[in-house]
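What follows is entry24.cif (mmCIF, C-alpha atoms).
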```cif
data_coords
loop_
_atom_site.label_atom_id
_atom_site.label_comp_id
_atom_site.auth_asym_id
_atom_site.auth_seq_id
_atom_site.Cartn_x
_atom_site.Cartn_y
_atom_site.Cartn_z
CA MET U 1 -9.65 -20.92 -32.54
CA LYS U 2 -12.29 -21.34 -29.87
CA TYR U 3 -14.69 -18.60 -28.82
CA ARG U 4 -16.35 -17.58 -25.57
CA SER U 5 -19.20 -15.24 -24.61
CA LEU U 6 -18.21 -11.75 -23.49
CA GLY U 7 -20.43 -10.66 -20.64
CA ARG U 8 -23.96 -9.86 -21.72
CA THR U 9 -22.90 -8.26 -25.01
CA GLY U 10 -24.01 -11.21 -27.11
CA TRP U 11 -20.52 -11.33 -28.64
CA LYS U 12 -18.47 -14.48 -29.08
CA VAL U 13 -14.80 -13.53 -28.89
CA SER U 14 -11.66 -15.50 -29.53
CA GLU U 15 -10.32 -17.02 -26.32
CA ILE U 16 -6.84 -15.96 -27.43
CA SER U 17 -7.23 -12.33 -28.41
CA PHE U 18 -4.68 -9.57 -29.08
CA GLY U 19 -3.28 -7.00 -26.68
CA ALA U 20 -1.99 -3.96 -28.57
CA TRP U 21 0.19 -2.31 -25.92
CA ALA U 22 3.40 -3.66 -27.45
CA ILE U 23 2.66 -2.29 -30.93
CA GLY U 24 1.88 1.14 -29.50
CA GLY U 25 4.85 1.85 -27.27
CA SER U 26 6.78 1.21 -24.05
CA TRP U 27 8.05 -2.17 -25.32
CA GLY U 28 11.06 -1.05 -27.32
CA ASN U 29 11.22 -0.22 -31.00
CA VAL U 30 8.72 -1.76 -33.39
CA SER U 31 7.88 -0.79 -36.95
CA ASP U 32 4.33 -0.12 -38.11
CA ALA U 33 4.83 -2.52 -41.00
CA GLU U 34 5.76 -5.36 -38.68
CA SER U 35 2.95 -4.46 -36.29
CA LEU U 36 0.43 -4.59 -39.14
CA ALA U 37 1.81 -7.95 -40.19
CA ALA U 38 1.24 -9.18 -36.62
CA LEU U 39 -2.33 -7.85 -36.67
CA HIS U 40 -3.04 -9.56 -40.00
CA ALA U 41 -1.60 -12.80 -38.61
CA ALA U 42 -4.00 -12.51 -35.69
CA LEU U 43 -7.00 -12.21 -37.98
CA ASP U 44 -5.70 -15.07 -40.12
CA GLY U 45 -5.57 -17.22 -36.98
CA GLY U 46 -9.16 -16.50 -35.96
CA VAL U 47 -8.65 -13.63 -33.51
CA ASN U 48 -11.67 -11.32 -33.52
CA PHE U 49 -11.04 -9.19 -30.43
CA PHE U 50 -8.32 -6.57 -30.08
CA ASP U 51 -7.56 -4.62 -26.92
CA THR U 52 -5.84 -1.24 -27.08
CA ALA U 53 -5.78 2.14 -25.29
CA ASP U 54 -5.61 5.79 -26.24
CA VAL U 55 -2.21 6.14 -24.57
CA TYR U 56 -0.51 3.23 -26.34
CA GLY U 57 1.90 5.22 -28.46
CA ASP U 58 -0.34 8.27 -28.00
CA GLY U 59 -2.98 6.69 -30.25
CA ARG U 60 -0.56 4.78 -32.47
CA SER U 61 -2.06 1.36 -31.83
CA GLU U 62 -5.61 2.69 -32.28
CA ARG U 63 -4.63 4.09 -35.68
CA LEU U 64 -3.00 0.80 -36.67
CA LEU U 65 -6.23 -1.02 -35.84
CA ALA U 66 -8.18 1.47 -37.93
CA LYS U 67 -5.86 0.66 -40.82
CA LEU U 68 -6.45 -3.05 -40.26
CA LYS U 69 -10.20 -2.40 -40.52
CA ARG U 70 -9.66 -0.72 -43.87
CA GLU U 71 -7.50 -3.53 -45.20
CA ARG U 72 -9.65 -6.50 -44.15
CA LYS U 73 -13.26 -7.48 -44.69
CA GLU U 74 -13.68 -9.60 -41.55
CA ASN U 75 -15.73 -8.25 -38.70
CA PHE U 76 -13.88 -7.90 -35.42
CA TYR U 77 -14.22 -6.06 -32.13
CA ILE U 78 -11.95 -3.34 -30.79
CA ALA U 79 -11.81 -2.49 -27.11
CA THR U 80 -9.98 0.66 -26.10
CA LYS U 81 -9.38 2.47 -22.82
CA ALA U 82 -9.54 5.99 -21.44
CA GLY U 83 -8.20 7.76 -18.39
CA ARG U 84 -4.43 7.54 -18.48
CA ARG U 85 -4.10 10.76 -20.44
CA LEU U 86 -4.47 12.58 -17.14
CA PRO U 87 -1.17 14.10 -15.96
CA ALA U 88 -1.97 12.72 -12.51
CA GLN U 89 -4.60 10.14 -11.60
CA THR U 90 -7.48 11.76 -9.69
CA THR U 91 -11.12 10.83 -9.52
CA GLU U 92 -12.03 14.42 -10.41
CA GLY U 93 -10.14 13.97 -13.65
CA TYR U 94 -12.78 11.52 -14.85
CA SER U 95 -15.25 14.29 -15.53
CA ARG U 96 -17.93 14.26 -18.19
CA LYS U 97 -15.89 16.80 -20.17
CA ASN U 98 -12.69 14.76 -20.04
CA LEU U 99 -14.34 11.41 -20.71
CA THR U 100 -16.16 12.85 -23.71
CA ALA U 101 -12.97 14.42 -25.08
CA TRP U 102 -10.96 11.21 -24.67
CA ILE U 103 -13.66 9.15 -26.33
CA ASN U 104 -14.01 11.59 -29.22
CA ARG U 105 -10.26 11.36 -29.77
CA SER U 106 -10.39 7.55 -29.82
CA LEU U 107 -13.34 7.62 -32.22
CA LYS U 108 -11.20 9.68 -34.58
CA ASN U 109 -8.14 7.44 -34.18
CA LEU U 110 -10.24 4.32 -34.77
CA ASN U 111 -12.14 5.96 -37.64
CA THR U 112 -15.48 4.82 -36.29
CA ASP U 113 -18.78 6.24 -35.07
CA ALA U 114 -19.01 4.06 -31.96
CA ILE U 115 -16.47 2.29 -29.77
CA ASP U 116 -17.24 -1.40 -29.34
CA LEU U 117 -16.03 -1.56 -25.73
CA LEU U 118 -14.66 1.37 -23.75
CA GLN U 119 -12.76 0.55 -20.56
CA LEU U 120 -11.77 2.90 -17.77
CA HIS U 121 -7.99 2.52 -17.67
CA CYS U 122 -6.92 1.52 -14.16
CA PRO U 123 -8.42 4.59 -12.46
CA PRO U 124 -7.97 5.41 -8.74
CA THR U 125 -9.72 3.01 -6.37
CA GLU U 126 -11.97 5.83 -5.14
CA LEU U 127 -13.56 6.11 -8.58
CA PHE U 128 -15.25 2.74 -8.16
CA TYR U 129 -17.25 4.26 -5.30
CA ARG U 130 -18.50 7.15 -7.47
CA PRO U 131 -21.64 5.96 -9.30
CA GLU U 132 -22.05 9.27 -11.12
CA ILE U 133 -18.99 8.47 -13.24
CA PHE U 134 -20.59 5.25 -14.43
CA GLY U 135 -23.70 7.34 -15.11
CA VAL U 136 -21.65 9.39 -17.57
CA LEU U 137 -20.70 6.19 -19.38
CA ASP U 138 -24.38 5.19 -19.49
CA ASP U 139 -25.13 8.54 -21.13
CA LEU U 140 -22.37 8.02 -23.71
CA VAL U 141 -23.90 4.65 -24.58
CA LYS U 142 -27.28 6.35 -25.05
CA LEU U 143 -25.62 8.95 -27.29
CA GLY U 144 -24.27 6.14 -29.48
CA LYS U 145 -20.59 6.86 -28.85
CA LEU U 146 -20.11 3.57 -26.98
CA ARG U 147 -21.70 0.19 -27.59
CA HIS U 148 -20.60 -1.18 -24.23
CA TYR U 149 -18.25 -0.33 -21.40
CA GLY U 150 -16.14 -2.08 -18.82
CA VAL U 151 -13.13 -1.44 -16.61
CA SER U 152 -9.46 -2.30 -16.41
CA VAL U 153 -8.44 -2.66 -12.78
CA SER U 154 -5.29 -2.89 -10.71
CA ASN U 155 -6.57 -5.21 -7.98
CA VAL U 156 -9.32 -7.58 -6.90
CA GLU U 157 -11.01 -5.04 -4.60
CA GLU U 158 -11.64 -2.73 -7.56
CA ALA U 159 -12.89 -5.62 -9.67
CA LEU U 160 -15.42 -6.71 -7.06
CA LYS U 161 -16.72 -3.17 -6.65
CA ALA U 162 -16.90 -2.52 -10.39
CA ILE U 163 -19.21 -5.44 -11.12
CA GLU U 164 -21.81 -3.99 -8.77
CA TYR U 165 -22.62 -1.50 -11.54
CA PRO U 166 -25.25 -3.16 -13.74
CA ASN U 167 -23.90 -2.03 -17.10
CA VAL U 168 -20.26 -3.01 -16.59
CA GLN U 169 -19.83 -5.74 -19.19
CA SER U 170 -16.20 -6.67 -18.64
CA VAL U 171 -13.31 -6.48 -16.22
CA GLN U 172 -9.75 -6.54 -17.43
CA ILE U 173 -7.39 -7.79 -14.73
CA ILE U 174 -3.89 -9.25 -14.52
CA PHE U 175 -4.24 -13.01 -14.31
CA ASN U 176 -1.51 -15.50 -15.04
CA ILE U 177 0.56 -18.23 -13.38
CA PHE U 178 2.28 -15.51 -11.32
CA ARG U 179 -0.94 -13.70 -10.37
CA GLN U 180 -3.58 -16.19 -9.28
CA ARG U 181 -5.56 -14.29 -6.66
CA PRO U 182 -8.45 -13.26 -8.99
CA ALA U 183 -9.54 -16.90 -9.25
CA GLU U 184 -10.16 -17.20 -5.50
CA LEU U 185 -13.26 -15.01 -5.14
CA PHE U 186 -13.65 -12.60 -8.03
CA PHE U 187 -14.15 -15.17 -10.78
CA ALA U 188 -17.20 -16.72 -9.12
CA GLN U 189 -18.78 -13.31 -8.54
CA ALA U 190 -18.14 -12.25 -12.14
CA GLN U 191 -19.71 -15.46 -13.44
CA LYS U 192 -22.73 -14.91 -11.19
CA ARG U 193 -23.26 -11.46 -12.69
CA LYS U 194 -22.36 -12.59 -16.24
CA VAL U 195 -19.42 -10.21 -16.52
CA GLY U 196 -16.65 -10.98 -19.00
CA ILE U 197 -13.05 -11.30 -17.82
CA LEU U 198 -10.12 -10.19 -19.97
CA ALA U 199 -6.89 -11.70 -18.65
CA ARG U 200 -4.19 -9.13 -19.27
CA VAL U 201 -0.42 -9.48 -18.89
CA PRO U 202 -0.99 -13.22 -19.44
CA LEU U 203 2.71 -13.90 -20.06
CA ALA U 204 4.02 -11.69 -17.23
CA SER U 205 5.67 -9.20 -19.60
CA GLY U 206 7.41 -12.02 -21.44
CA LEU U 207 8.78 -13.87 -18.41
CA LEU U 208 6.37 -16.74 -19.01
CA THR U 209 7.58 -17.21 -22.58
CA GLY U 210 10.85 -18.65 -21.28
CA LYS U 211 12.71 -16.46 -23.77
CA ILE U 212 14.03 -13.97 -21.19
CA SER U 213 17.24 -14.63 -19.28
CA ARG U 214 19.52 -12.78 -16.87
CA SER U 215 21.49 -11.53 -19.86
CA SER U 216 18.44 -10.12 -21.66
CA LYS U 217 18.74 -6.42 -22.48
CA PHE U 218 15.70 -4.14 -22.73
CA GLU U 219 15.65 -0.90 -24.67
CA LYS U 220 15.54 2.43 -22.87
CA ASP U 221 11.86 2.97 -23.73
CA ASP U 222 10.82 -0.56 -22.69
CA HIS U 223 8.88 -0.61 -19.40
CA ARG U 224 10.71 -3.81 -18.47
CA ASN U 225 13.76 -1.58 -18.18
CA PHE U 226 12.33 1.54 -16.51
CA ASN U 227 9.33 0.34 -14.47
CA ARG U 228 10.49 -2.72 -12.53
CA HIS U 229 10.05 -0.84 -9.27
CA GLY U 230 7.01 1.23 -10.28
CA ALA U 231 8.87 4.38 -11.33
CA ALA U 232 6.37 5.17 -14.11
CA PHE U 233 3.17 3.30 -13.16
CA ASP U 234 2.02 0.44 -10.93
CA ARG U 235 4.90 -2.01 -10.67
CA GLY U 236 2.42 -4.86 -10.89
CA GLU U 237 2.16 -4.13 -14.63
CA THR U 238 5.81 -5.11 -15.18
CA PHE U 239 6.67 -8.82 -14.77
CA SER U 240 3.38 -9.02 -12.79
CA GLY U 241 5.13 -7.36 -9.88
CA VAL U 242 7.44 -10.35 -9.38
CA ASP U 243 11.11 -9.72 -8.66
CA PHE U 244 13.06 -10.45 -11.85
CA GLU U 245 15.44 -13.01 -10.34
CA THR U 246 12.61 -14.77 -8.50
CA GLY U 247 10.60 -14.90 -11.71
CA LEU U 248 13.47 -16.43 -13.65
CA ARG U 249 13.95 -19.14 -11.02
CA ALA U 250 10.25 -19.98 -11.13
CA VAL U 251 10.32 -20.09 -14.92
CA GLY U 252 13.12 -22.63 -14.70
CA GLN U 253 10.83 -24.88 -12.67
CA LEU U 254 7.87 -24.29 -14.98
CA GLN U 255 9.92 -25.32 -18.02
CA LYS U 256 10.01 -28.85 -16.59
CA LEU U 257 6.20 -29.01 -16.71
CA VAL U 258 5.71 -28.01 -20.36
CA PRO U 259 3.87 -30.78 -22.27
CA PRO U 260 5.64 -32.37 -25.24
CA GLY U 261 5.27 -30.35 -28.42
CA ALA U 262 4.24 -27.18 -26.58
CA THR U 263 6.11 -24.07 -25.53
CA LEU U 264 6.13 -22.44 -22.11
CA ALA U 265 4.09 -19.54 -23.51
CA GLN U 266 1.44 -21.94 -24.79
CA MET U 267 1.29 -23.75 -21.45
CA ALA U 268 0.95 -20.41 -19.63
CA LEU U 269 -1.90 -19.35 -21.90
CA LYS U 270 -3.60 -22.73 -21.70
CA TRP U 271 -3.39 -22.52 -17.90
CA ILE U 272 -5.45 -19.31 -18.05
CA LEU U 273 -8.00 -20.91 -20.38
CA GLU U 274 -8.53 -23.78 -17.92
CA PHE U 275 -10.63 -21.28 -15.91
CA PRO U 276 -14.12 -21.10 -17.48
CA ALA U 277 -14.77 -17.67 -15.94
CA VAL U 278 -12.13 -16.18 -18.24
CA THR U 279 -13.46 -14.85 -21.53
CA CYS U 280 -10.10 -14.42 -23.20
CA ALA U 281 -6.40 -13.93 -22.65
CA ILE U 282 -4.92 -10.93 -24.44
CA PRO U 283 -1.22 -11.56 -25.08
CA GLY U 284 0.64 -9.00 -27.14
CA GLY U 285 2.69 -9.73 -30.22
CA LYS U 286 5.07 -7.56 -32.20
CA ARG U 287 5.77 -10.18 -34.88
CA PRO U 288 3.59 -12.69 -36.77
CA ALA U 289 5.53 -15.65 -35.36
CA GLN U 290 4.74 -14.58 -31.79
CA VAL U 291 1.07 -14.23 -32.67
CA ALA U 292 0.94 -17.67 -34.29
CA GLU U 293 2.56 -19.26 -31.23
CA ASN U 294 0.02 -17.63 -28.93
CA ILE U 295 -2.96 -18.61 -31.06
CA ALA U 296 -1.90 -22.26 -31.07
CA ALA U 297 -2.64 -22.40 -27.34
CA SER U 298 -6.38 -22.34 -28.06
CA ASN U 299 -6.40 -25.79 -29.65
CA SER U 300 -3.65 -27.34 -27.54
CA LYS U 301 -4.46 -30.22 -25.19
CA LYS U 302 -5.88 -29.55 -21.75
CA LEU U 303 -3.32 -29.46 -18.98
CA SER U 304 -3.39 -32.54 -16.78
CA PRO U 305 -4.66 -32.28 -13.19
CA ALA U 306 -1.14 -33.18 -12.05
CA THR U 307 0.36 -30.27 -13.99
CA MET U 308 -2.27 -27.86 -12.68
CA LYS U 309 -1.51 -29.02 -9.13
CA LYS U 310 2.22 -28.54 -9.58
CA ILE U 311 1.73 -25.03 -10.98
CA SER U 312 -0.48 -24.18 -8.02
CA GLY U 313 2.13 -25.50 -5.63
CA LEU U 314 4.89 -23.48 -7.28
CA TYR U 315 2.82 -20.31 -7.00
CA THR U 316 1.95 -20.94 -3.37
CA LYS U 317 5.55 -21.55 -2.38
CA GLU U 318 7.55 -19.14 -4.54
CA ILE U 319 5.31 -16.33 -5.76
CA LYS U 320 2.23 -15.91 -3.57
CA PRO U 321 4.05 -14.41 -0.56
CA LEU U 322 5.43 -11.67 -2.82
CA VAL U 323 2.30 -10.55 -4.68
CA GLN U 324 -0.91 -11.90 -3.15
CA HIS U 325 -1.43 -9.09 -0.60
CA TYR U 326 -0.80 -6.29 -3.12
CA TRP U 327 -3.16 -7.13 -5.97
#
```

Exercise: express the given structure as structure tokens:
Amino acid sequence: MKYRSLGRTGWKVSEISFGAWAIGGSWGNVSDAESLAALHAALDGGVNFFDTADVYGDGRSERLLAKLKRERKENFYIATKAGRRLPAQTTEGYSRKNLTAWINRSLKNLNTDAIDLLQLHCPPTELFYRPEIFGVLDDLVKLGKLRHYGVSVSNVEEALKAIEYPNVQSVQIIFNIFRQRPAELFFAQAQKRKVGILARVPLASGLLTGKISRSSKFEKDDHRNFNRHGAAFDRGETFSGVDFETGLRAVGQLQKLVPPGATLAQMALKWILEFPAVTCAIPGGKRPAQVAENIAASNSKKLSPATMKKISGLYTKEIKPLVQHYW
């Protein structure tokens, strides 16, 4: 495993980290025993950064990570998120009272005195123009409840605004072969301000693993079944906002570019890591085998310039017109 600096925290985090949405909920059925096995496999493979949220399984994934802490001696970082517990997303909902209550709940779930990295969880765009809310986070750092804070955003505009706040250490944003816009302007600005970038949805909800086909069936409680058109939350979170059939056709073309001995998932993760502005990719994993496959991308060979050019061309022709102007 290779490691990269996260913002100005002084931390070195694994460039392939672990996204805990899938072990919390909204990805079909998964057992806690299997989820814990996946988490242990991550640590065994050198992962030292885990990303979760208070709403993943209503705290389920946070509690699983607390159990992992009890069962292992290694030091690792846990980033969680707050804000999606609101019944409806409003800027007013991010009050001092609510933020404090959410954070206290996460502290209890994680069985810790201080959260390593707290991220606002895709709040309304207006919030990024309300400095007093970031002042509340500064106060919570001073109180010792947070070590650092960052944001998870829905689009590039929010990311660019967020990094104007001096104590924002990280931005979590969707970045993958199907969502390339962040690299055009945002990455350079984040590097200039020494802000870490967490690449979420790195495998486009599984599309970029090559293991999904037209005949794939998703369980009733899997967002890939119920949120393709944004019925529950931003549709960009599901398959990166790419139409399912279009995504499958593009995957068919990407399969031809996979280097010998690698998988499509590993190529997709390695593509992300070719961008030095990225701190880490945070793929999920419900089973140890998935985790091991993801981790192997860290030490895989660099993608050739020819492959990078072909991936860029595929995006420009097939995907960019569908997603670029939204996110």

Query raised in the report: Exactly which residues make up the result of the PyMOL selection byres ((chain U and resi 152) around 12) on this file, given as a VMD selection string?
Result: chain U and resid 51 to 53 79 to 84 117 to 125 128 149 to 151 153 to 156 158 to 160 162 to 163 168 to 174 196 to 201 237

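Between atom CA of Asp221 of chain U and atom CA of Arg85 of chain U the interatomic distance comes to 18.1 Å.
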
Requested in this report: Determine, counting only C-alpha atoms, which protein, DNA and RNA residues have an atom within 9 Å of an atom of segment 69-75 of chain U; residues of the same chain fewer than 6 positions away are not included. Present the result as a ChimeraX atom specification.
Outcome: /U:40,43,48,110

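Minimum atom-to-atom distance to Thr209 of chain U, evaluated using all atoms listed in the file, belongs to U:Glu293 out of U:Asp44, U:Glu293, U:Asp139, U:Asp234.
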
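Closest approach to Lys302 of chain U among U:Gln266, U:Thr246, U:Thr279, U:Gln253: U:Gln266, based on all atoms listed in the file.
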
Query raised in the report: Hey, which of U:Ala281, U:Gln290, U:Pro131, U:Asn167 ends up closest to Ser35 of chain U? Count all atoms listed in the file.
Result: U:Gln290

List every residue of segment 127-246 of chain U that has an atom at most 8 Å from any atom of segment 87-108 of chain U, and for each one report the closest atom pair and its distance in Å to one decimal, counting only C-alpha atoms, with rows sorted by chain and then by increasing residue number, as a tab-separated table.
```
residue	atom	partner	partner_atom	distance
U:Leu127	CA	U:Thr91	CA	5.4
U:Ile133	CA	U:Tyr94	CA	7.1
U:Val136	CA	U:Arg96	CA	6.2
U:Leu140	CA	U:Thr100	CA	7.9
U:Lys145	CA	U:Ile103	CA	7.7
```

Please return the centre and edge lengths, in Å to one decimal, of a box with edges along x, y and z that contains all listed atoms of segment 68-77 of chain U, widened by 5 Å on every side, as JSON.
```
{"center_x": -11.1, "center_y": -5.2, "center_z": -38.7, "size_x": 19.3, "size_y": 18.9, "size_z": 23.1}
```

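Compared by their closest atoms to Ala37 of chain U, and using all atoms listed in the file, the residues U:Leu208, U:Ala268, U:Leu185, U:Val291 rank with U:Val291 nearest.
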
Report task. Please provide as JSON, numbers by chain all residues within 8 Å of Gly285 of chain U, with the sequence filter that same-chain residues fewer than 3 positions apart are discarded (counting only C-alpha atoms). Result -> {"U": [18, 19, 20, 22, 23, 38, 288, 290, 291]}

Mind dumping the selected residues with C-alpha atoms as a short mmCIF file (atom, residue, chain, number, x, y, z; two decimals), keeping the file's coordinate frame?
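Once everything was written out, this is again26.cif:
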```
data_model
loop_
_atom_site.label_atom_id
_atom_site.label_comp_id
_atom_site.auth_asym_id
_atom_site.auth_seq_id
_atom_site.Cartn_x
_atom_site.Cartn_y
_atom_site.Cartn_z
CA PHE U 18 -4.68 -9.57 -29.08
CA GLY U 19 -3.28 -7.00 -26.68
CA ALA U 20 -1.99 -3.96 -28.57
CA ALA U 22 3.40 -3.66 -27.45
CA ILE U 23 2.66 -2.29 -30.93
CA ALA U 38 1.24 -9.18 -36.62
CA PRO U 288 3.59 -12.69 -36.77
CA GLN U 290 4.74 -14.58 -31.79
CA VAL U 291 1.07 -14.23 -32.67
#
```

Requested in this report: Excluding segment 313-320 of chain U and residues on its chain fewer than 6 positions from it, collect all residues at most 8 Å away from it, counting all atoms listed in the file, and give them as a VMD selection string.
Outcome: chain U and resid 177 to 180 242 246 250

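Interatomic distance, atom CA of Leu254 of chain U to atom CA of Lys310 of chain U: 8.9 Å.
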
What are the closest atom pairs, with distances in Å to one decimal, for each residue of segment 243-266 of chain U lying within 10 Å of segment 214-219 of chain U, using all atoms listed in the file, rows by chain and rising residue number, as CSV?
```
residue,atom,partner,partner_atom,distance
U:Phe244,CA,U:Arg214,CA,8.5
U:Glu245,CA,U:Arg214,CA,7.7
U:Leu248,CA,U:Arg214,CA,7.8
```

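Interatomic distance, atom CA of Leu39 of chain U to atom CA of Gly57 of chain U: 16.0 Å.
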